[in-house]
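Text of the file protein-v8.json, holding JSON, C-alpha atoms:
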```
[["chain", "number", "residue", "atom", "x", "y", "z"],
["L", 254, "MET", "CA", 0.00, 0.00, 0.00],
["L", 255, "LYS", "CA", 1.53, 3.28, -1.11],
["L", 256, "ARG", "CA", 1.88, 6.21, 1.27],
["L", 257, "ILE", "CA", 0.67, 9.53, -0.11],
["L", 258, "GLY", "CA", 1.70, 12.92, 1.21],
["L", 259, "PHE", "CA", 2.37, 16.36, -0.17],
["L", 260, "LEU", "CA", 5.44, 18.42, -0.98],
["L", 261, "SER", "CA", 5.44, 22.20, -0.77],
["L", 262, "PHE", "CA", 8.13, 24.46, -2.14],
["L", 263, "GLY", "CA", 6.94, 27.27, 0.13],
["L", 264, "HIS", "CA", 6.80, 29.99, -2.50],
["L", 265, "TRP", "CA", 5.47, 33.40, -1.54],
["L", 266, "THR", "CA", 5.04, 36.62, -3.45],
["L", 267, "PRO", "CA", 3.48, 39.99, -2.63],
["L", 268, "SER", "CA", 1.30, 39.70, -5.75],
["L", 269, "PRO", "CA", -2.36, 40.53, -5.10],
["L", 270, "ARG", "CA", -3.33, 37.21, -6.72],
["L", 271, "SER", "CA", -1.24, 35.18, -4.29],
["L", 272, "GLN", "CA", -2.78, 33.77, -1.14],
["L", 273, "VAL", "CA", 0.75, 33.63, 0.31],
["L", 274, "ARG", "CA", 2.19, 37.15, 0.31],
["L", 275, "SER", "CA", 4.94, 36.98, 2.94],
["L", 276, "ALA", "CA", 7.36, 34.57, 4.59],
["L", 277, "SER", "CA", 5.09, 34.68, 7.64],
["L", 278, "ASP", "CA", 2.12, 33.60, 5.50],
["L", 279, "THR", "CA", 4.19, 30.70, 4.18],
["L", 280, "LEU", "CA", 5.08, 29.46, 7.66],
["L", 281, "LEU", "CA", 1.59, 29.79, 9.11],
["L", 282, "GLN", "CA", -0.18, 28.34, 6.07],
["L", 283, "SER", "CA", 2.28, 25.44, 5.93],
["L", 284, "ILE", "CA", 1.20, 24.44, 9.42],
["L", 285, "ASP", "CA", -2.48, 24.84, 8.51],
["L", 286, "LEU", "CA", -2.07, 22.74, 5.37],
["L", 287, "ALA", "CA", -0.19, 19.99, 7.25],
["L", 288, "VAL", "CA", -3.02, 19.81, 9.80],
["L", 289, "ALA", "CA", -5.66, 19.75, 7.03],
["L", 290, "ALA", "CA", -3.77, 17.03, 5.14],
["L", 291, "GLU", "CA", -3.51, 14.90, 8.28],
["L", 292, "GLU", "CA", -7.24, 15.31, 8.93],
["L", 293, "LEU", "CA", -7.91, 14.17, 5.34],
["L", 294, "GLY", "CA", -5.80, 11.03, 5.87],
["L", 295, "ALA", "CA", -2.58, 11.96, 4.07],
["L", 296, "ASP", "CA", 0.58, 10.23, 5.23],
["L", 297, "GLY", "CA", 2.94, 13.16, 5.47],
["L", 298, "ALA", "CA", 3.80, 16.77, 4.89],
["L", 299, "TYR", "CA", 7.15, 17.56, 3.33],
["L", 300, "PHE", "CA", 8.71, 20.94, 2.68],
["L", 301, "ARG", "CA", 11.61, 21.73, 0.41],
["L", 302, "VAL", "CA", 14.01, 24.27, 1.83],
["L", 303, "ARG", "CA", 15.97, 26.53, -0.49],
["L", 304, "HIS", "CA", 18.69, 28.65, 1.06],
["L", 305, "PHE", "CA", 19.49, 31.46, -1.37],
["L", 306, "ALA", "CA", 18.48, 29.09, -4.20],
["L", 307, "ARG", "CA", 22.07, 27.93, -4.70],
["L", 308, "GLN", "CA", 22.00, 24.51, -3.10],
["L", 309, "LEU", "CA", 21.57, 20.86, -3.81],
["L", 310, "ALA", "CA", 17.85, 20.50, -3.16],
["L", 311, "SER", "CA", 17.38, 16.87, -4.20],
["L", 312, "PRO", "CA", 19.48, 13.80, -4.98],
["L", 313, "PHE", "CA", 18.28, 13.72, -8.59],
["L", 314, "PRO", "CA", 21.21, 15.81, -9.94],
["L", 315, "LEU", "CA", 23.64, 13.41, -8.28],
["L", 316, "LEU", "CA", 22.05, 10.41, -9.90],
["L", 317, "THR", "CA", 21.26, 12.91, -13.20],
["L", 318, "GLU", "CA", 22.52, 10.24, -16.52],
["L", 319, "ASP", "CA", 19.96, 11.06, -19.17],
["L", 320, "THR", "CA", 19.60, 7.96, -21.31],
["L", 321, "GLY", "CA", 16.77, 9.42, -23.35],
["L", 322, "VAL", "CA", 14.07, 7.29, -21.75],
["L", 323, "PRO", "CA", 10.93, 8.96, -20.34],
["L", 324, "PHE", "CA", 11.42, 10.74, -17.01],
["L", 325, "HIS", "CA", 9.49, 8.16, -14.98],
["L", 326, "GLN", "CA", 11.60, 5.32, -16.38],
["L", 327, "LEU", "CA", 14.80, 7.23, -15.63],
["L", 328, "GLN", "CA", 13.68, 7.74, -12.03],
["L", 329, "ALA", "CA", 12.70, 4.06, -11.69],
["L", 330, "GLU", "CA", 16.21, 3.07, -12.87],
["L", 331, "GLN", "CA", 17.73, 5.45, -10.32],
["L", 332, "ILE", "CA", 15.58, 4.03, -7.53],
["L", 333, "GLN", "CA", 16.67, 0.50, -8.44],
["L", 334, "ASP", "CA", 20.34, 1.54, -8.55],
["L", 335, "PHE", "CA", 19.97, 3.23, -5.14],
["L", 336, "ARG", "CA", 18.33, 0.17, -3.56],
["L", 337, "GLU", "CA", 20.99, -2.16, -4.98],
["L", 338, "ALA", "CA", 23.78, 0.08, -3.65],
["L", 339, "TRP", "CA", 22.01, 0.27, -0.28],
["L", 340, "SER", "CA", 21.84, -3.52, -0.06],
["L", 341, "ALA", "CA", 25.44, -3.94, -1.26],
["L", 342, "ALA", "CA", 26.56, -1.59, 1.51],
["L", 343, "GLY", "CA", 25.21, -4.08, 4.02],
["L", 344, "HIS", "CA", 22.20, -2.20, 5.33],
["L", 345, "ARG", "CA", 19.68, -4.64, 6.75],
["L", 346, "HIS", "CA", 16.52, -2.57, 6.45],
["L", 347, "GLN", "CA", 14.82, -1.21, 3.35],
["L", 348, "PRO", "CA", 15.23, 2.51, 2.69],
["L", 349, "ARG", "CA", 12.19, 4.70, 2.10],
["L", 350, "VAL", "CA", 12.07, 6.17, -1.37],
["L", 351, "SER", "CA", 9.66, 8.86, -2.47],
["L", 352, "VAL", "CA", 8.91, 10.52, -5.76],
["L", 353, "SER", "CA", 7.04, 13.75, -6.25],
["L", 354, "ARG", "CA", 4.56, 14.54, -8.96],
["L", 355, "SER", "CA", 2.33, 17.47, -9.82],
["L", 356, "ILE", "CA", -1.12, 15.85, -9.85],
["L", 357, "PHE", "CA", -4.36, 17.76, -10.29],
["L", 358, "PRO", "CA", -7.63, 15.80, -10.30],
["L", 359, "LEU", "CA", -10.08, 17.86, -12.31],
["L", 360, "VAL", "CA", -13.35, 17.48, -10.42],
["L", 361, "SER", "CA", -14.72, 21.03, -10.43],
["L", 362, "THR", "CA", -15.11, 23.86, -12.87],
["L", 363, "PHE", "CA", -12.46, 25.82, -10.95],
["L", 364, "ASP", "CA", -10.01, 22.88, -11.18],
["L", 365, "ARG", "CA", -10.54, 22.77, -14.93],
["L", 366, "GLN", "CA", -10.03, 26.54, -15.25],
["L", 367, "LEU", "CA", -6.74, 26.39, -13.35],
["L", 368, "PHE", "CA", -5.22, 23.15, -14.66],
["L", 369, "GLY", "CA", -7.25, 21.98, -17.64],
["L", 370, "ARG", "CA", -4.54, 23.06, -20.08],
["L", 371, "GLU", "CA", -2.03, 20.81, -18.33],
["L", 372, "LYS", "CA", -3.74, 17.70, -19.70],
["L", 373, "ALA", "CA", -1.28, 17.73, -22.61],
["L", 374, "SER", "CA", 1.82, 18.13, -20.41],
["L", 375, "THR", "CA", 4.94, 16.16, -21.36],
["L", 376, "ASP", "CA", 8.40, 15.59, -19.91],
["L", 377, "GLN", "CA", 10.58, 18.65, -20.24],
["L", 378, "VAL", "CA", 14.26, 19.34, -20.65],
["L", 379, "GLY", "CA", 15.68, 22.52, -19.21],
["L", 380, "HIS", "CA", 18.92, 23.82, -17.77],
["L", 381, "LEU", "CA", 20.08, 24.13, -14.17],
["L", 382, "GLU", "CA", 23.32, 25.98, -13.70],
["L", 383, "GLU", "CA", 25.61, 24.67, -16.45],
["L", 384, "GLY", "CA", 23.89, 21.46, -17.47],
["L", 385, "PRO", "CA", 20.73, 19.94, -18.85],
["L", 386, "ALA", "CA", 18.02, 18.85, -16.45],
["L", 387, "ARG", "CA", 14.95, 16.66, -16.91],
["L", 388, "PHE", "CA", 11.58, 17.50, -15.41],
["L", 389, "GLY", "CA", 8.52, 15.30, -15.29],
["L", 390, "LYS", "CA", 5.18, 16.21, -16.72],
["L", 391, "THR", "CA", 2.20, 17.53, -14.82],
["L", 392, "TYR", "CA", -0.63, 15.04, -14.38],
["L", 393, "ALA", "CA", -3.99, 16.78, -14.76],
["L", 394, "GLY", "CA", -7.24, 15.12, -15.75],
["L", 395, "GLU", "CA", -10.37, 13.38, -14.64],
["L", 396, "PRO", "CA", -9.71, 10.97, -11.75],
["L", 397, "ASP", "CA", -10.06, 7.81, -13.88],
["L", 398, "GLU", "CA", -7.60, 9.25, -16.43],
["L", 399, "LEU", "CA", -5.12, 9.99, -13.65],
["L", 400, "VAL", "CA", -5.37, 6.46, -12.25],
["L", 401, "GLU", "CA", -4.52, 5.07, -15.69],
["L", 402, "LYS", "CA", -1.63, 7.49, -16.26],
["L", 403, "LEU", "CA", -0.14, 7.07, -12.79],
["L", 404, "ALA", "CA", -0.41, 3.28, -13.00],
["L", 405, "GLY", "CA", 1.91, 3.52, -16.00],
["L", 406, "ASP", "CA", 4.46, 5.69, -14.17],
["L", 407, "GLU", "CA", 7.28, 3.27, -13.30],
["L", 408, "ALA", "CA", 8.83, 5.49, -10.63],
["L", 409, "VAL", "CA", 5.50, 5.94, -8.84],
["L", 410, "ALA", "CA", 5.03, 2.16, -8.90],
["L", 411, "THR", "CA", 8.54, 1.57, -7.54],
["L", 412, "ALA", "CA", 8.64, 4.21, -4.78],
["L", 413, "ASP", "CA", 7.21, 3.71, -1.30],
["L", 414, "THR", "CA", 5.76, 7.19, -1.06],
["L", 415, "LEU", "CA", 4.09, 9.46, -3.59],
["L", 416, "LEU", "CA", 4.33, 13.15, -2.75],
["L", 417, "ILE", "CA", 2.09, 15.51, -4.65],
["L", 418, "THR", "CA", 3.54, 18.95, -5.16],
["L", 419, "VAL", "CA", 1.08, 21.62, -4.17],
["L", 420, "PRO", "CA", 0.81, 25.14, -5.58],
["L", 421, "ASN", "CA", 0.97, 26.69, -2.13],
["L", 422, "GLN", "CA", 0.37, 30.22, -3.45],
["L", 423, "LEU", "CA", -3.24, 29.21, -4.08],
["L", 424, "GLY", "CA", -3.75, 28.96, -0.31],
["L", 425, "VAL", "CA", -4.54, 26.33, 2.29],
["L", 426, "ASP", "CA", -8.17, 25.74, 1.32],
["L", 427, "TYR", "CA", -7.46, 25.05, -2.33],
["L", 428, "ASN", "CA", -4.44, 22.86, -1.59],
["L", 429, "ALA", "CA", -6.46, 20.86, 0.93],
["L", 430, "HIS", "CA", -9.05, 20.47, -1.86],
["L", 431, "ILE", "CA", -6.37, 19.04, -4.20],
["L", 432, "ILE", "CA", -5.14, 16.63, -1.51],
["L", 433, "GLU", "CA", -8.69, 15.53, -0.71],
["L", 434, "ASN", "CA", -9.49, 14.94, -4.39],
["L", 435, "LEU", "CA", -6.37, 12.85, -4.81],
["L", 436, "LEU", "CA", -7.05, 10.78, -1.69],
["L", 437, "ARG", "CA", -10.76, 10.37, -2.40],
["L", 438, "HIS", "CA", -10.88, 9.96, -6.19],
["L", 439, "VAL", "CA", -7.45, 8.77, -7.36],
["L", 440, "ALA", "CA", -5.66, 6.92, -4.54],
["L", 441, "PRO", "CA", -8.23, 4.08, -4.29],
["L", 442, "GLY", "CA", -7.68, 3.32, -7.96],
["L", 443, "LEU", "CA", -3.95, 3.02, -7.23],
["L", 444, "GLY", "CA", -4.58, 0.45, -4.50],
["L", 445, "ARG", "CA", -4.54, 2.78, -1.51],
["L", 446, "ARG", "CA", -7.42, 2.49, 0.97]]
```
Since I need it in another form, could you write the structure as structure tokens?
Amino acid sequence: MKRIGFLSFGHWTPSPRSQVRSASDTLLQSIDLAVAAEELGADGAYFRVRHFARQLASPFPLLTEDTGVPFHQLQAEQIQDFREAWSAAGHRHQPRVSVSRSIFPLVSTFDRQLFGREKASTDQVGHLEEGPARFGKTYAGEPDELVEKLAGDEAVATADTLLITVPNQLGVDYNAHIIENLLRHVAPGLGRR
């Protein structure tokens, strides 16, 4: 049974359209969202910390060989390599491995207005610092479509924990809505609950 939590990058901006306009808002709303997610039955709240944006924020760049396969297959290969190295090092317990995905179940008109265009999202190649970087696609669609797409994501199938990245600038209520929709409408189709 897969654990499902959320990952927040903690963005804030003084823009009038943002629900998170200050660092204080980010801290307070992060707590509120973690409480709401726990009440909804999520398995964890994770926050990515970026100190001056020049840091190693995830192990992916350390693992980063781009063989040209889809992003989810590349991550699944990296997870397998990590677990084999872990075992070869003599560790007796299994390590926890999580992957994060942007997942938006489209169950309301507002959901469709915000994320309906993401239905055609694909893997992306960009640049971080001096080198190429791979980024996974955004999953947006009707719940049954998402179950089918996520079932075909090899890294999601391989990892212990699926973390959904939340657009925290949309505020606690909307992010709790996304988490609830995932837990209620998508997670059962993936074998959870």
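The nearest approach to Arg437 in chain L among the residues L:Pro358, L:Pro269, L:Pro348, L:Gly321, with only C-alpha atoms taken into account, belongs to L:Pro358.
Every protein, DNA or RNA residue with an atom at most 8 Å from range 293-300 of chain L, where only C-alpha atoms count and chain neighbours fewer than 4 positions away do not, is listed here: Arg256, Ile257, Gly258, Phe259, Leu260, Ser261, Phe262, Gly263, Ala287, Ala289, Ile432, Glu433 and Leu436 of chain L.
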| said: Taking all atoms listed in the file into account, name the residue in L:Gly343, L:Lys390, L:Pro396, L:Gln377 that is nearest to Ser361 in chain L. | reply: L:Pro396
| field | Which residue of L:Phe363, L:Phe357, L:Phe335, L:Phe324 approaches Thr375 in chain L most closely, using all atoms listed in the file | value | L:Phe324
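In terms of minimum interatomic distance to Asp364 in chain L, L:Leu423 ranks closest within L:Ala408, L:Leu423, L:Leu286, L:Ala338, counting all atoms listed in the file.
The shortest atom-to-atom distance to Asp413 in chain L, with only C-alpha atoms taken into account, belongs to L:Val350 out of L:Val288, L:Val350, L:Val273, L:Val322.
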| note | Phe388 in chain L proximity check over L:Arg370, L:Arg354, L:His344, L:Arg349, using all atoms listed in the file: winner is L:Arg354
| Residue contacts of Asp406 in chain L (12 Å, all atoms listed in the file) excluding same-chain residues fewer than 3 positions away, as a PyMOL selection string | chain L and resi 323-329+352-354+389-390+392+399-403+409-412+415+443
Could you save those same residues with C-alpha atoms as a short mmCIF file (atom, residue, chain, number, x, y, z; two decimals), in the frame of the given file?
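Saved file out19.cif follows:
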```cif
data_model
loop_
_atom_site.label_atom_id
_atom_site.label_comp_id
_atom_site.auth_asym_id
_atom_site.auth_seq_id
_atom_site.Cartn_x
_atom_site.Cartn_y
_atom_site.Cartn_z
CA PRO L 323 10.93 8.96 -20.34
CA PHE L 324 11.42 10.74 -17.01
CA HIS L 325 9.49 8.16 -14.98
CA GLN L 326 11.60 5.32 -16.38
CA LEU L 327 14.80 7.23 -15.63
CA GLN L 328 13.68 7.74 -12.03
CA ALA L 329 12.70 4.06 -11.69
CA VAL L 352 8.91 10.52 -5.76
CA SER L 353 7.04 13.75 -6.25
CA ARG L 354 4.56 14.54 -8.96
CA GLY L 389 8.52 15.30 -15.29
CA LYS L 390 5.18 16.21 -16.72
CA TYR L 392 -0.63 15.04 -14.38
CA LEU L 399 -5.12 9.99 -13.65
CA VAL L 400 -5.37 6.46 -12.25
CA GLU L 401 -4.52 5.07 -15.69
CA LYS L 402 -1.63 7.49 -16.26
CA LEU L 403 -0.14 7.07 -12.79
CA VAL L 409 5.50 5.94 -8.84
CA ALA L 410 5.03 2.16 -8.90
CA THR L 411 8.54 1.57 -7.54
CA ALA L 412 8.64 4.21 -4.78
CA LEU L 415 4.09 9.46 -3.59
CA LEU L 443 -3.95 3.02 -7.23
#
```
Is it possible to add N, CA and C atoms to range 408-428 of chain L and hand it back as a PDB file, in the frame of the given file?
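For reference, selection37.pdb as written:
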```
ATOM      1  N   ALA L 408       8.246   5.001 -11.872  1.00  0.00           N
ATOM      2  CA  ALA L 408       8.830   5.490 -10.630  1.00  0.00           C
ATOM      3  C   ALA L 408       7.787   5.538  -9.514  1.00  0.00           C
ATOM      4  N   VAL L 409       6.572   5.941  -9.839  1.00  0.00           N
ATOM      5  CA  VAL L 409       5.500   5.940  -8.840  1.00  0.00           C
ATOM      6  C   VAL L 409       5.252   4.516  -8.353  1.00  0.00           C
ATOM      7  N   ALA L 410       5.250   3.562  -9.272  1.00  0.00           N
ATOM      8  CA  ALA L 410       5.030   2.160  -8.900  1.00  0.00           C
ATOM      9  C   ALA L 410       6.156   1.619  -8.032  1.00  0.00           C
ATOM     10  N   THR L 411       7.376   2.084  -8.249  1.00  0.00           N
ATOM     11  CA  THR L 411       8.540   1.570  -7.540  1.00  0.00           C
ATOM     12  C   THR L 411       8.738   2.205  -6.173  1.00  0.00           C
ATOM     13  N   ALA L 412       8.411   3.475  -6.032  1.00  0.00           N
ATOM     14  CA  ALA L 412       8.640   4.210  -4.780  1.00  0.00           C
ATOM     15  C   ALA L 412       7.670   3.767  -3.696  1.00  0.00           C
ATOM     16  N   ASP L 413       8.073   3.996  -2.453  1.00  0.00           N
ATOM     17  CA  ASP L 413       7.210   3.710  -1.300  1.00  0.00           C
ATOM     18  C   ASP L 413       6.169   4.799  -1.090  1.00  0.00           C
ATOM     19  N   THR L 414       6.584   6.031  -1.387  1.00  0.00           N
ATOM     20  CA  THR L 414       5.760   7.190  -1.060  1.00  0.00           C
ATOM     21  C   THR L 414       5.611   8.080  -2.294  1.00  0.00           C
ATOM     22  N   LEU L 415       4.395   8.500  -2.537  1.00  0.00           N
ATOM     23  CA  LEU L 415       4.090   9.460  -3.590  1.00  0.00           C
ATOM     24  C   LEU L 415       3.781  10.792  -2.927  1.00  0.00           C
ATOM     25  N   LEU L 416       4.566  11.807  -3.269  1.00  0.00           N
ATOM     26  CA  LEU L 416       4.330  13.150  -2.750  1.00  0.00           C
ATOM     27  C   LEU L 416       3.765  14.001  -3.880  1.00  0.00           C
ATOM     28  N   ILE L 417       2.631  14.616  -3.627  1.00  0.00           N
ATOM     29  CA  ILE L 417       2.090  15.510  -4.650  1.00  0.00           C
ATOM     30  C   ILE L 417       2.581  16.920  -4.333  1.00  0.00           C
ATOM     31  N   THR L 418       3.097  17.573  -5.359  1.00  0.00           N
ATOM     32  CA  THR L 418       3.540  18.950  -5.160  1.00  0.00           C
ATOM     33  C   THR L 418       2.315  19.846  -5.211  1.00  0.00           C
ATOM     34  N   VAL L 419       2.234  20.735  -4.253  1.00  0.00           N
ATOM     35  CA  VAL L 419       1.080  21.620  -4.170  1.00  0.00           C
ATOM     36  C   VAL L 419       1.460  23.041  -4.561  1.00  0.00           C
ATOM     37  N   PRO L 420       0.561  23.740  -5.243  1.00  0.00           N
ATOM     38  CA  PRO L 420       0.810  25.140  -5.580  1.00  0.00           C
ATOM     39  C   PRO L 420       0.430  26.021  -4.392  1.00  0.00           C
ATOM     40  N   ASN L 421       1.333  26.093  -3.407  1.00  0.00           N
ATOM     41  CA  ASN L 421       0.970  26.690  -2.130  1.00  0.00           C
ATOM     42  C   ASN L 421       0.486  28.132  -2.246  1.00  0.00           C
ATOM     43  N   GLN L 422       0.822  28.834  -3.319  1.00  0.00           N
ATOM     44  CA  GLN L 422       0.370  30.220  -3.450  1.00  0.00           C
ATOM     45  C   GLN L 422      -1.138  30.316  -3.682  1.00  0.00           C
ATOM     46  N   LEU L 423      -1.779  29.188  -3.936  1.00  0.00           N
ATOM     47  CA  LEU L 423      -3.240  29.210  -4.080  1.00  0.00           C
ATOM     48  C   LEU L 423      -3.941  29.106  -2.728  1.00  0.00           C
ATOM     49  N   GLY L 424      -3.192  28.944  -1.652  1.00  0.00           N
ATOM     50  CA  GLY L 424      -3.750  28.960  -0.310  1.00  0.00           C
ATOM     51  C   GLY L 424      -4.085  27.590   0.252  1.00  0.00           C
ATOM     52  N   VAL L 425      -4.292  27.574   1.550  1.00  0.00           N
ATOM     53  CA  VAL L 425      -4.540  26.330   2.290  1.00  0.00           C
ATOM     54  C   VAL L 425      -5.809  25.635   1.803  1.00  0.00           C
ATOM     55  N   ASP L 426      -6.900  26.370   1.682  1.00  0.00           N
ATOM     56  CA  ASP L 426      -8.170  25.740   1.320  1.00  0.00           C
ATOM     57  C   ASP L 426      -8.099  25.030  -0.027  1.00  0.00           C
ATOM     58  N   TYR L 427      -7.521  25.691  -1.022  1.00  0.00           N
ATOM     59  CA  TYR L 427      -7.460  25.050  -2.330  1.00  0.00           C
ATOM     60  C   TYR L 427      -6.495  23.861  -2.333  1.00  0.00           C
ATOM     61  N   ASN L 428      -5.384  23.978  -1.638  1.00  0.00           N
ATOM     62  CA  ASN L 428      -4.440  22.860  -1.590  1.00  0.00           C
ATOM     63  C   ASN L 428      -5.023  21.668  -0.824  1.00  0.00           C
TER      64      ASN L 428
END
```
